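**Q** So that you have it, the file is target.txt, and it contains compact mmCIF, C-alpha atoms:
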```txt
# COMPACT_ATOMS: atom_id res chain seq x y z
CA MET A 1 121.61 -34.00 277.50
CA VAL A 2 122.98 -32.27 274.44
CA GLY A 3 121.76 -33.94 271.25
CA GLN A 4 123.50 -34.14 267.93
CA GLY A 5 121.83 -30.90 266.80
CA PRO A 6 121.26 -29.92 263.20
CA LEU A 7 123.98 -30.62 260.67
CA ARG A 8 125.05 -27.34 259.10
CA ASP A 9 127.22 -26.35 256.18
CA VAL A 10 129.22 -23.72 258.05
CA ARG A 11 131.36 -21.37 256.00
CA GLY A 12 133.70 -18.54 256.95
CA ARG A 13 135.27 -15.66 255.05
CA GLY A 14 135.57 -16.21 251.33
CA GLY A 15 133.17 -19.13 251.52
CA ARG A 16 135.77 -21.47 253.06
CA PRO A 17 134.32 -24.32 255.13
CA VAL A 18 134.95 -23.88 258.85
CA THR A 19 134.34 -26.15 261.82
CA ARG A 20 131.83 -25.17 264.48
CA VAL A 21 133.26 -26.14 267.85
CA ALA A 22 132.28 -25.95 271.50
CA ALA A 23 134.80 -25.90 274.34
CA ILE A 24 134.16 -25.95 278.07
CA ASP A 25 136.87 -25.22 280.62
CA CYS A 26 135.87 -26.10 284.16
CA GLY A 27 138.38 -24.74 286.65
CA THR A 28 138.55 -24.30 290.39
CA ASN A 29 136.77 -20.95 290.46
CA SER A 30 134.86 -20.65 287.20
CA ILE A 31 133.39 -22.61 284.31
CA ARG A 32 133.58 -21.12 280.82
CA LEU A 33 132.04 -21.86 277.44
CA LEU A 34 133.22 -20.97 273.95
CA VAL A 35 131.20 -21.74 270.83
CA ALA A 36 133.09 -20.63 267.73
CA ASP A 37 133.77 -21.23 264.06
CA ALA A 38 137.37 -22.36 263.57
CA ASP A 39 139.14 -21.58 260.30
CA PRO A 40 142.44 -23.52 260.15
CA ALA A 41 143.43 -21.68 256.95
CA THR A 42 143.64 -18.33 258.75
CA GLY A 43 144.16 -19.44 262.35
CA GLU A 44 141.06 -17.49 263.37
CA LEU A 45 138.36 -18.41 265.83
CA THR A 46 135.15 -16.46 265.28
CA ASP A 47 133.22 -16.33 268.54
CA LEU A 48 129.52 -17.16 268.49
CA ASP A 49 129.15 -17.31 272.26
CA ARG A 50 131.74 -16.86 275.00
CA ARG A 51 130.71 -16.73 278.64
CA MET A 52 131.90 -17.40 282.15
CA THR A 53 130.11 -18.40 285.35
CA ILE A 54 131.68 -18.32 288.81
CA VAL A 55 130.82 -21.67 290.42
CA ARG A 56 133.65 -22.16 292.95
CA LEU A 57 133.85 -25.88 292.20
CA GLY A 58 137.04 -26.02 294.26
CA GLN A 59 135.41 -24.57 297.40
CA GLY A 60 137.12 -26.25 300.35
CA VAL A 61 138.94 -28.88 298.28
CA ASP A 62 142.36 -27.90 299.65
CA ARG A 63 141.06 -28.55 303.18
CA THR A 64 138.64 -31.49 302.73
CA GLY A 65 139.87 -33.24 299.60
CA ARG A 66 136.26 -33.41 298.35
CA LEU A 67 133.97 -31.40 296.07
CA ALA A 68 131.21 -29.83 298.17
CA PRO A 69 127.59 -30.74 297.23
CA GLN A 70 126.69 -27.05 296.82
CA ALA A 71 129.69 -26.51 294.54
CA LEU A 72 128.68 -29.48 292.40
CA GLU A 73 125.12 -28.20 292.04
CA ARG A 74 126.30 -24.72 291.05
CA THR A 75 128.49 -26.32 288.39
CA PHE A 76 125.71 -28.57 287.09
CA ALA A 77 123.36 -25.58 286.84
CA ALA A 78 125.90 -23.83 284.61
CA CYS A 79 126.29 -26.99 282.53
CA ARG A 80 122.54 -27.11 281.91
CA GLU A 81 122.64 -23.52 280.69
CA TYR A 82 125.62 -24.27 278.44
CA ALA A 83 123.92 -27.38 277.01
CA GLU A 84 121.08 -25.23 275.67
CA ILE A 85 123.54 -22.83 274.00
CA ILE A 86 125.54 -25.63 272.38
CA GLU A 87 122.33 -27.21 271.08
CA LYS A 88 121.10 -23.88 269.67
CA HIS A 89 124.31 -23.39 267.67
CA GLY A 90 124.53 -26.99 266.48
CA ALA A 91 128.01 -27.43 267.95
CA SER A 92 127.58 -30.73 269.81
CA GLU A 93 129.49 -32.81 267.24
CA HIS A 94 132.73 -31.01 268.13
CA LEU A 95 132.41 -30.57 271.89
CA ARG A 96 135.19 -31.00 274.41
CA PHE A 97 134.88 -30.56 278.17
CA VAL A 98 138.13 -30.13 280.08
CA ALA A 99 138.28 -30.13 283.87
CA THR A 100 141.29 -28.79 285.70
CA SER A 101 142.81 -28.59 289.13
CA ALA A 102 139.91 -28.99 291.60
CA SER A 103 138.36 -32.04 289.98
CA ARG A 104 141.79 -33.57 289.45
CA ASP A 105 142.43 -33.52 293.20
CA ALA A 106 139.01 -34.45 294.62
CA GLU A 107 138.19 -37.84 296.14
CA ASN A 108 134.59 -37.71 294.86
CA ARG A 109 135.41 -36.68 291.31
CA ASP A 110 133.24 -39.56 290.01
CA ASP A 111 130.14 -37.64 291.18
CA PHE A 112 131.30 -34.73 289.08
CA VAL A 113 131.93 -36.90 286.01
CA ARG A 114 128.52 -38.59 286.19
CA GLY A 115 126.72 -35.26 286.50
CA VAL A 116 128.47 -33.76 283.48
CA VAL A 117 127.80 -36.85 281.33
CA ASP A 118 124.09 -36.79 282.23
CA ILE A 119 123.78 -33.13 281.22
CA LEU A 120 126.13 -32.74 278.26
CA GLY A 121 126.61 -36.27 276.97
CA VAL A 122 130.40 -36.05 277.08
CA GLU A 123 132.80 -37.13 279.77
CA PRO A 124 134.93 -34.37 281.26
CA GLU A 125 138.61 -34.92 280.64
CA VAL A 126 140.49 -34.39 283.87
CA ILE A 127 143.71 -33.30 282.24
CA THR A 128 147.19 -33.05 283.64
CA GLY A 129 148.86 -29.78 284.45
CA ASP A 130 151.16 -30.23 281.45
CA GLN A 131 148.13 -30.64 279.16
CA GLU A 132 146.63 -27.48 280.64
CA ALA A 133 149.83 -25.68 279.79
CA GLU A 134 149.80 -26.89 276.17
CA PHE A 135 146.23 -25.70 275.65
CA SER A 136 146.95 -22.37 277.33
CA PHE A 137 149.98 -21.73 275.13
CA THR A 138 148.10 -22.49 271.92
CA GLY A 139 145.14 -20.33 272.87
CA ALA A 140 147.24 -17.40 274.05
CA THR A 141 149.86 -17.21 271.31
CA LYS A 142 148.14 -18.26 268.09
CA GLU A 143 147.29 -14.61 267.34
CA LEU A 144 150.67 -13.26 268.51
CA THR A 145 153.12 -15.27 266.46
CA GLY A 146 153.16 -12.79 263.54
CA ARG A 147 153.57 -9.64 265.65
CA ASP A 148 156.77 -7.67 265.01
CA ASP A 149 156.54 -5.77 268.32
CA LEU A 150 156.65 -8.89 270.51
CA HIS A 151 159.82 -10.91 270.93
CA ARG A 152 160.13 -14.64 271.43
CA PRO A 153 160.29 -16.84 273.34
CA PHE A 154 156.94 -16.27 275.03
CA LEU A 155 156.28 -17.09 278.66
CA VAL A 156 152.59 -17.84 279.07
CA VAL A 157 151.37 -17.66 282.68
CA ASP A 158 147.83 -18.90 283.31
CA ILE A 159 146.78 -18.04 286.88
CA GLY A 160 143.80 -20.20 287.73
CA GLY A 161 141.90 -20.82 290.90
CA GLY A 162 143.80 -23.89 292.06
CA SER A 163 146.97 -23.89 290.00
CA THR A 164 149.15 -21.76 287.76
CA GLU A 165 150.59 -22.99 284.48
CA PHE A 166 153.92 -21.78 283.12
CA VAL A 167 154.84 -22.40 279.49
CA VAL A 168 157.85 -21.19 277.52
CA GLY A 169 157.87 -21.56 273.77
CA ASP A 170 158.34 -19.99 270.37
CA ASP A 171 155.93 -21.39 267.79
CA ARG A 172 155.72 -24.53 269.88
CA VAL A 173 156.05 -25.38 273.56
CA ARG A 174 159.61 -25.86 274.81
CA ALA A 175 158.90 -26.44 278.49
CA ALA A 176 155.86 -26.42 280.75
CA ARG A 177 155.04 -26.84 284.42
CA SER A 178 151.92 -26.59 286.56
CA VAL A 179 152.19 -25.74 290.26
CA ASP A 180 149.45 -25.71 292.89
CA VAL A 181 149.37 -21.96 293.39
CA GLY A 182 146.13 -20.30 292.32
CA CYS A 183 144.02 -17.41 293.58
CA VAL A 184 141.43 -19.58 295.36
CA ARG A 185 143.94 -22.03 296.82
CA MET A 186 146.19 -19.23 298.12
CA THR A 187 143.23 -17.35 299.58
CA GLU A 188 141.86 -20.40 301.38
CA ARG A 189 145.30 -21.50 302.55
CA HIS A 190 146.54 -18.15 303.86
CA LEU A 191 143.81 -15.52 304.11
CA VAL A 192 140.92 -17.39 305.75
CA ARG A 193 140.41 -17.32 309.52
CA ASP A 194 137.39 -18.84 311.28
CA GLY A 195 135.70 -19.57 307.98
CA ALA A 196 135.96 -16.03 306.58
CA VAL A 197 138.49 -14.12 304.50
CA THR A 198 140.45 -11.69 306.66
CA ASP A 199 139.36 -8.16 305.74
CA PRO A 200 141.98 -6.89 304.99
CA PRO A 201 144.70 -9.54 305.44
CA THR A 202 147.49 -9.08 307.96
CA GLU A 203 151.12 -8.52 307.03
CA GLU A 204 151.91 -11.98 308.42
CA GLN A 205 149.30 -13.59 306.17
CA ILE A 206 150.59 -11.77 303.11
CA ALA A 207 154.18 -12.74 303.92
CA ALA A 208 153.24 -16.41 304.29
CA MET A 209 151.35 -16.34 301.00
CA ARG A 210 154.27 -14.66 299.24
CA ALA A 211 156.67 -17.31 300.58
CA ASP A 212 154.36 -20.05 299.28
CA ILE A 213 154.26 -18.42 295.83
CA GLU A 214 158.06 -17.99 295.75
CA ALA A 215 158.53 -21.67 296.61
CA ALA A 216 156.19 -22.58 293.74
CA LEU A 217 158.23 -20.40 291.37
CA ASP A 218 161.35 -22.27 292.51
CA ARG A 219 159.62 -25.54 291.55
CA ALA A 220 158.51 -24.13 288.20
CA GLU A 221 162.07 -23.03 287.40
CA GLU A 222 163.29 -26.60 287.83
CA THR A 223 161.52 -27.35 284.53
CA VAL A 224 160.76 -24.05 282.80
CA PRO A 225 163.45 -21.44 282.00
CA LEU A 226 161.29 -18.54 283.16
CA ARG A 227 164.02 -15.91 282.84
CA GLU A 228 164.81 -16.74 279.20
CA ALA A 229 161.44 -15.41 278.02
CA ARG A 230 161.32 -12.12 276.12
CA THR A 231 157.54 -11.56 276.30
CA LEU A 232 155.30 -12.38 279.27
CA VAL A 233 151.70 -13.20 278.34
CA GLY A 234 149.27 -13.29 281.27
CA LEU A 235 146.00 -15.20 281.18
CA ALA A 236 142.80 -15.75 283.15
CA GLY A 237 140.60 -13.71 285.43
CA SER A 238 143.14 -12.42 287.92
CA VAL A 239 145.30 -10.96 285.15
CA THR A 240 142.43 -9.55 283.09
CA THR A 241 140.95 -7.94 286.20
CA VAL A 242 144.28 -6.29 287.03
CA SER A 243 144.33 -4.91 283.48
CA ALA A 244 140.78 -3.58 283.86
CA ILE A 245 141.76 -1.84 287.10
CA ALA A 246 144.94 -0.45 285.52
CA GLN A 247 142.87 1.07 282.72
CA ASP A 248 140.24 2.36 285.16
CA LEU A 249 137.51 0.84 283.00
CA PRO A 250 133.93 1.82 283.88
CA GLU A 251 132.93 -1.82 283.33
CA TYR A 252 134.60 -5.05 282.28
CA ASP A 253 135.44 -4.65 278.58
CA SER A 254 137.01 -7.67 276.87
CA ALA A 255 137.97 -5.70 273.77
CA ALA A 256 139.89 -3.12 275.83
CA ILE A 257 141.57 -5.80 277.92
CA HIS A 258 142.60 -8.21 275.15
CA HIS A 259 146.26 -7.56 274.22
CA SER A 260 146.53 -4.63 276.62
CA ARG A 261 149.84 -4.15 278.42
CA VAL A 262 150.39 -3.54 282.11
CA SER A 263 153.72 -2.44 283.56
CA ARG A 264 155.31 -4.15 286.54
CA ASP A 265 155.17 -0.93 288.57
CA ARG A 266 151.44 -0.62 287.92
CA VAL A 267 150.87 -4.27 288.85
CA ARG A 268 152.73 -3.64 292.11
CA GLU A 269 150.59 -0.59 292.92
CA ILE A 270 147.37 -2.46 292.22
CA THR A 271 148.45 -5.55 294.16
CA GLU A 272 149.40 -3.49 297.21
CA TRP A 273 146.06 -1.70 297.10
CA LEU A 274 144.10 -4.95 296.72
CA LEU A 275 145.87 -6.48 299.72
CA ARG A 276 145.24 -3.38 301.86
CA SER A 277 141.60 -2.93 300.84
CA THR A 278 138.41 -4.25 302.39
CA HIS A 279 135.84 -6.47 300.73
CA ALA A 280 133.56 -3.47 300.24
CA GLU A 281 136.29 -1.40 298.62
CA ARG A 282 137.20 -4.16 296.17
CA ALA A 283 133.54 -4.87 295.40
CA ALA A 284 133.08 -1.19 294.48
CA VAL A 285 135.56 -1.48 291.58
CA PRO A 286 133.25 -1.27 288.54
CA SER A 287 135.14 -3.87 286.48
CA MET A 288 135.32 -6.42 289.34
CA HIS A 289 133.31 -9.62 288.94
CA PRO A 290 131.54 -10.36 292.27
CA GLY A 291 133.06 -13.84 292.34
CA ARG A 292 136.60 -12.43 292.28
CA VAL A 293 136.31 -9.92 295.10
CA ASP A 294 137.81 -12.16 297.79
CA VAL A 295 140.45 -13.91 295.65
CA ILE A 296 141.79 -11.13 293.42
CA GLY A 297 144.46 -10.03 295.91
CA ALA A 298 146.05 -13.48 295.89
CA GLY A 299 145.86 -13.69 292.09
CA ALA A 300 147.46 -10.29 291.65
CA LEU A 301 150.26 -11.26 294.03
CA VAL A 302 151.02 -14.33 291.91
CA LEU A 303 151.28 -12.11 288.82
CA LEU A 304 153.54 -9.62 290.60
CA ALA A 305 155.81 -12.36 291.92
CA VAL A 306 156.18 -13.81 288.41
CA MET A 307 157.06 -10.40 286.94
CA GLU A 308 159.64 -9.74 289.66
CA ARG A 309 161.15 -13.20 289.30
CA THR A 310 161.48 -12.98 285.52
CA GLY A 311 162.36 -9.30 285.31
CA ALA A 312 159.45 -8.65 282.93
CA GLU A 313 158.83 -4.92 282.62
CA GLU A 314 155.28 -5.50 281.40
CA ALA A 315 152.70 -8.20 280.84
CA VAL A 316 150.72 -8.63 277.64
CA VAL A 317 147.20 -9.52 278.73
CA SER A 318 145.25 -12.07 276.71
CA GLU A 319 141.56 -12.92 276.83
CA HIS A 320 142.39 -15.98 274.75
CA ASP A 321 143.69 -18.83 276.81
CA ILE A 322 143.11 -22.49 277.59
CA LEU A 323 139.50 -22.24 276.37
CA ASP A 324 140.67 -21.24 272.88
CA GLY A 325 143.30 -23.98 272.93
CA ILE A 326 140.62 -26.54 273.77
CA ALA A 327 138.50 -25.23 270.89
CA TRP A 328 141.38 -25.60 268.43
CA SER A 329 141.95 -29.19 269.61
CA VAL A 330 138.54 -30.25 268.21
CA ALA A 331 138.55 -28.06 265.08
```
Represent the structure from my file as structure tokens, please.
**A**
Amino acid sequence: MVGQGPLRDVRGRGGRPVTRVAAIDCGTNSIRLLVADADPATGELTDLDRRMTIVRLGQGVDRTGRLAPQALERTFAACREYAEIIEKHGASEHLRFVATSASRDAENRDDFVRGVVDILGVEPEVITGDQEAEFSFTGATKELTGRDDLHRPFLVVDIGGGSTEFVVGDDRVRAARSVDVGCVRMTERHLVRDGAVTDPPTEEQIAAMRADIEAALDRAEETVPLREARTLVGLAGSVTTVSAIAQDLPEYDSAAIHHSRVSRDRVREITEWLLRSTHAERAAVPSMHPGRVDVIGAGALVLLAVMERTGAEEAVVSEHDILDGIAWSVA
């Protein structure tokens, strides 16, 4: 269990006191940690440690309604690793653990909660989709609000493993909606046959997945004025991976990806290739995380459908997302 750690007089630029925070975002496909120094005076988060582990917590949840024992153990192993990092940096006093779609839906979520408390000493907050959206918007736009080349309102689209969050806002959120369309959920629902991902998927499978995504966009538009947005900001691993492919990066490079821009035509080209390719071809992409190989096609299709629905000519890609919003909430 994470202890209180050493008390530290932490100071940022100019000697101003800052708050050392730790944020954990546990989603359907991955669990991520951010340890940072937050400076409210400047709106800056200075990263001390930022990392991601693919744990597939949501493996099979759409079909069984339960978190698989193997998925829980993978997640707990990552939590033990993260506990050591938080302790090392003395960030345990300002620690928040947020759990999203998979653990919100599972019948045995109490097993998950008990495991996290035993390891980290904090209870995971199984937040609502609307709360996810608020955190995502804060994390994604805090650095963008002063930019002259980006027009408001922003539409922040956070494509997760189990769900996708849509948020429209200027300096603050105007409307938000979460729908159960994510890269893992769409893959398991439409692209799996006889326990394995179809390699590559059939036209019928792709059409069914696209129809599911379009229906979800219809539901999102009941609440969120998607087409009023002037700037589309895309978050999470599916979007950042598409950006890495678009730039033909020799490896995953967060600095090159953060605030990059990808045109709708390029997203369409990449999505079509991903949905035509085999597992081996996708795995050979140098910037592809091994845990995304089978689900990236579905995630890219969600992004493309959003861009076509809203008419966005390009997406601004952000590496700062719900994790950064969680960090600010405890600063």
**Q** Out of A:Asp148, A:Asp158, A:Glu81, A:Asp105, which residue has the shortest atom-to-atom distance to Leu323 of chain A when counting only C-alpha atoms?
**A**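 Nearest to Leu323 of chain A: A:Asp158.
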**Q** Give me the residues within 7 Å of segment 172-181 of chain A as a list in words, counting all atoms listed in the file and dropping any in the same chain fewer than 4 places off.
**A**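 The filter keeps Gly129, Asp130, Ala133, Glu134, Gly162, Ser163, Thr164, Glu165, Phe166, Val167, Val168, Arg185, Met186, Ile213, Ala216, Ala220, Thr223 and Val224 of chain A.
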**Q** Can you pull out every residue within 12 Å of Gln70 of chain A, counting all atoms listed in the file, but drop anything in the same chain fewer than 4 positions away, and send it as a PyMOL selection string?
**A** chain A and resi 55-60+66+74-77+112
**Q** At a cut-off of 9 Å, using all atoms listed in the file, what residues contact Asp265 of chain A? Leave out same-chain residues fewer than 4 positions from it and give the result as a short mmCIF file (atom, residue, chain, number, x, y, z; two decimals) with C-alpha atoms, in the frame of the given file.
**A**
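What ended up in around_9.cif:
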```cif
data_model
loop_
_atom_site.label_atom_id
_atom_site.label_comp_id
_atom_site.auth_asym_id
_atom_site.auth_seq_id
_atom_site.Cartn_x
_atom_site.Cartn_y
_atom_site.Cartn_z
CA GLU A 269 150.59 -0.59 292.92
CA ILE A 270 147.37 -2.46 292.22
CA GLU A 313 158.83 -4.92 282.62
CA GLU A 314 155.28 -5.50 281.40
#
```
**Q** For Val157 of chain A, which of A:Gly139, A:Gly182, A:Gly195, A:Gly234 is the closest residue, counting all atoms listed in the file?
**A**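 The answer is A:Gly234, which sits nearest to Val157 of chain A.
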**Q** Between atom CA of Ala284 of chain A and atom CA of Thr198 of chain A, what is the spacing in Å?
**A**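 Computed distance, atom CA of Thr198 of chain A to atom CA of Ala284 of chain A, equals 17.7 Å.
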**Q** Which residue out of A:Ala36, A:Gly27, A:His190, A:Asn108 has the minimum interatomic distance to Glu125 of chain A when only C-alpha atoms are used?
**A**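 Result for the nearest residue to Glu125 of chain A: A:Gly27.
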**Q** Identify which of the residues A:His258, A:Arg32, A:His94, A:Arg266 lies closest to Leu303 of chain A, counting all atoms listed in the file when measuring atom-to-atom distances.
**A**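 Checking each candidate against Leu303 of chain A, we get A:Arg266 as the closest.
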**Q** Using Å and a single decimal, report how far atom CA of Gly299 of chain A sits from atom CA of Cys26 of chain A.
**A** 17.8 Å
**Q** Name the closest residue to Ile127 of chain A among the candidates A:Ala208, A:Val156, A:Ile326, A:Val293; distances are taken between atoms, counting all atoms listed in the file.
**A**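 Distance minimum relative to Ile127 of chain A lands on A:Ile326.
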**Q** Nearest to Val61 of chain A: which of A:Thr310, A:Ser103, A:Thr145, A:Gln205 is it, counting all atoms listed in the file?
**A**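 Ranked by minimum distance to Val61 of chain A, first place goes to A:Ser103.
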**Q** For atom CA of Gly325 of chain A and atom CA of Gly65 of chain A, determine how far apart the two atoms are, in Å to one decimal place.
**A**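 Separation between atom CA of Gly325 of chain A and atom CA of Gly65 of chain A: 28.4 Å.
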**Q** Quick one: residues within 6 Å of segment 247-253 of chain A, all atoms listed in the file, excluding same-chain residues fewer than 3 positions away - as a list of chain:residue names?
**A** A:Ala244, A:Ala256, A:Pro286, A:Ser287
**Q** Output as JSON the centre and edge lengths (Å, one decimal) of the box along x, y and z of the file that holds every listed atom of segment 61-67 of chain A after adding 8 Å on each side.
**A**
```
{"center_x": 138.2, "center_y": -30.7, "center_z": 299.6, "size_x": 24.4, "size_y": 21.5, "size_z": 23.1}
```
**Q** Env of Ser260 of chain A: 9 Å cut, atoms = only C-alpha atoms, seq-sep filter 5 positions within chain, self excluded. Answer as a VMD selection string.
**A** chain A and resid 243 315 to 318
**Q** Would you save the residues of that selection, restricted to C-alpha atoms, as an mmCIF file, in the frame of the given file?
**A**
```
data_model
loop_
_atom_site.group_PDB
_atom_site.id
_atom_site.type_symbol
_atom_site.label_atom_id
_atom_site.label_comp_id
_atom_site.auth_asym_id
_atom_site.auth_seq_id
_atom_site.Cartn_x
_atom_site.Cartn_y
_atom_site.Cartn_z
ATOM 1 C CA SER A 243 144.330 -4.910 283.480
ATOM 2 C CA ALA A 315 152.700 -8.200 280.840
ATOM 3 C CA VAL A 316 150.720 -8.630 277.640
ATOM 4 C CA VAL A 317 147.200 -9.520 278.730
ATOM 5 C CA SER A 318 145.250 -12.070 276.710
#
```
**Q** Which polymer residues, protein or nucleic acid, are no farther than 6 Å from (136.8, -32.2, 279.2), counting all atoms listed in the file, as a list in words?
**A**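 I get Arg96, Phe97, Val98, Ala99, Pro124 and Glu125 of chain A for the residues within 6 Å of that point.
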**Q** Identify the residues around (142.7, -24.8, 265.9) within a radius of 10 Å, measuring from all atoms listed in the file in the coordinates stated by the file, and give them as a PyMOL selection string.
**A** chain A and resi 19+21+37-45+138-139+142+324-331
**Q** Can you complete the atoms of segment 253-270 of chain A to N, CA and C atoms and list them as an mmCIF file, in the frame of the given file?
**A**
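What follows is the written file result-v6.cif:
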```cif
data_model
loop_
_atom_site.group_PDB
_atom_site.id
_atom_site.type_symbol
_atom_site.label_atom_id
_atom_site.label_comp_id
_atom_site.auth_asym_id
_atom_site.auth_seq_id
_atom_site.Cartn_x
_atom_site.Cartn_y
_atom_site.Cartn_z
ATOM 1 N N ASP A 253 135.495 -4.822 280.029
ATOM 2 C CA ASP A 253 135.440 -4.650 278.580
ATOM 3 C C ASP A 253 136.505 -5.553 277.942
ATOM 4 N N SER A 254 136.070 -6.700 277.428
ATOM 5 C CA SER A 254 137.010 -7.670 276.870
ATOM 6 C C SER A 254 137.852 -7.082 275.749
ATOM 7 N N ALA A 255 137.236 -6.266 274.902
ATOM 8 C CA ALA A 255 137.970 -5.700 273.770
ATOM 9 C C ALA A 255 139.100 -4.786 274.231
ATOM 10 N N ALA A 256 138.851 -4.014 275.298
ATOM 11 C CA ALA A 256 139.890 -3.120 275.830
ATOM 12 C C ALA A 256 140.982 -3.886 276.555
ATOM 13 N N ILE A 257 140.626 -5.011 277.122
ATOM 14 C CA ILE A 257 141.570 -5.800 277.920
ATOM 15 C C ILE A 257 142.456 -6.679 277.040
ATOM 16 N N HIS A 258 141.877 -7.263 275.992
ATOM 17 C CA HIS A 258 142.600 -8.210 275.150
ATOM 18 C C HIS A 258 143.790 -7.518 274.473
ATOM 19 N N HIS A 259 144.977 -8.053 274.740
ATOM 20 C CA HIS A 259 146.260 -7.560 274.220
ATOM 21 C C HIS A 259 146.657 -6.192 274.785
ATOM 22 N N SER A 260 146.034 -5.800 275.894
ATOM 23 C CA SER A 260 146.530 -4.630 276.620
ATOM 24 C C SER A 260 147.854 -4.974 277.289
ATOM 25 N N ARG A 261 148.555 -3.938 277.752
ATOM 26 C CA ARG A 261 149.840 -4.150 278.420
ATOM 27 C C ARG A 261 149.822 -3.427 279.757
ATOM 28 N N VAL A 262 150.357 -4.103 280.766
ATOM 29 C CA VAL A 262 150.390 -3.540 282.110
ATOM 30 C C VAL A 262 151.819 -3.605 282.616
ATOM 31 N N SER A 263 152.332 -2.475 283.089
ATOM 32 C CA SER A 263 153.720 -2.440 283.560
ATOM 33 C C SER A 263 153.844 -3.102 284.931
ATOM 34 N N ARG A 264 155.066 -3.522 285.244
ATOM 35 C CA ARG A 264 155.310 -4.150 286.540
ATOM 36 C C ARG A 264 155.042 -3.176 287.682
ATOM 37 N N ASP A 265 155.430 -1.917 287.515
ATOM 38 C CA ASP A 265 155.170 -0.930 288.570
ATOM 39 C C ASP A 265 153.685 -0.771 288.824
ATOM 40 N N ARG A 266 152.890 -0.768 287.750
ATOM 41 C CA ARG A 266 151.440 -0.620 287.920
ATOM 42 C C ARG A 266 150.842 -1.865 288.580
ATOM 43 N N VAL A 267 151.338 -3.037 288.209
ATOM 44 C CA VAL A 267 150.870 -4.270 288.850
ATOM 45 C C VAL A 267 151.182 -4.238 290.339
ATOM 46 N N ARG A 268 152.363 -3.727 290.695
ATOM 47 C CA ARG A 268 152.730 -3.640 292.110
ATOM 48 C C ARG A 268 151.792 -2.694 292.867
ATOM 49 N N GLU A 269 151.506 -1.546 292.276
ATOM 50 C CA GLU A 269 150.590 -0.590 292.920
ATOM 51 C C GLU A 269 149.213 -1.211 293.148
ATOM 52 N N ILE A 270 148.711 -1.876 292.121
ATOM 53 C CA ILE A 270 147.370 -2.460 292.220
ATOM 54 C C ILE A 270 147.350 -3.592 293.235
#
```
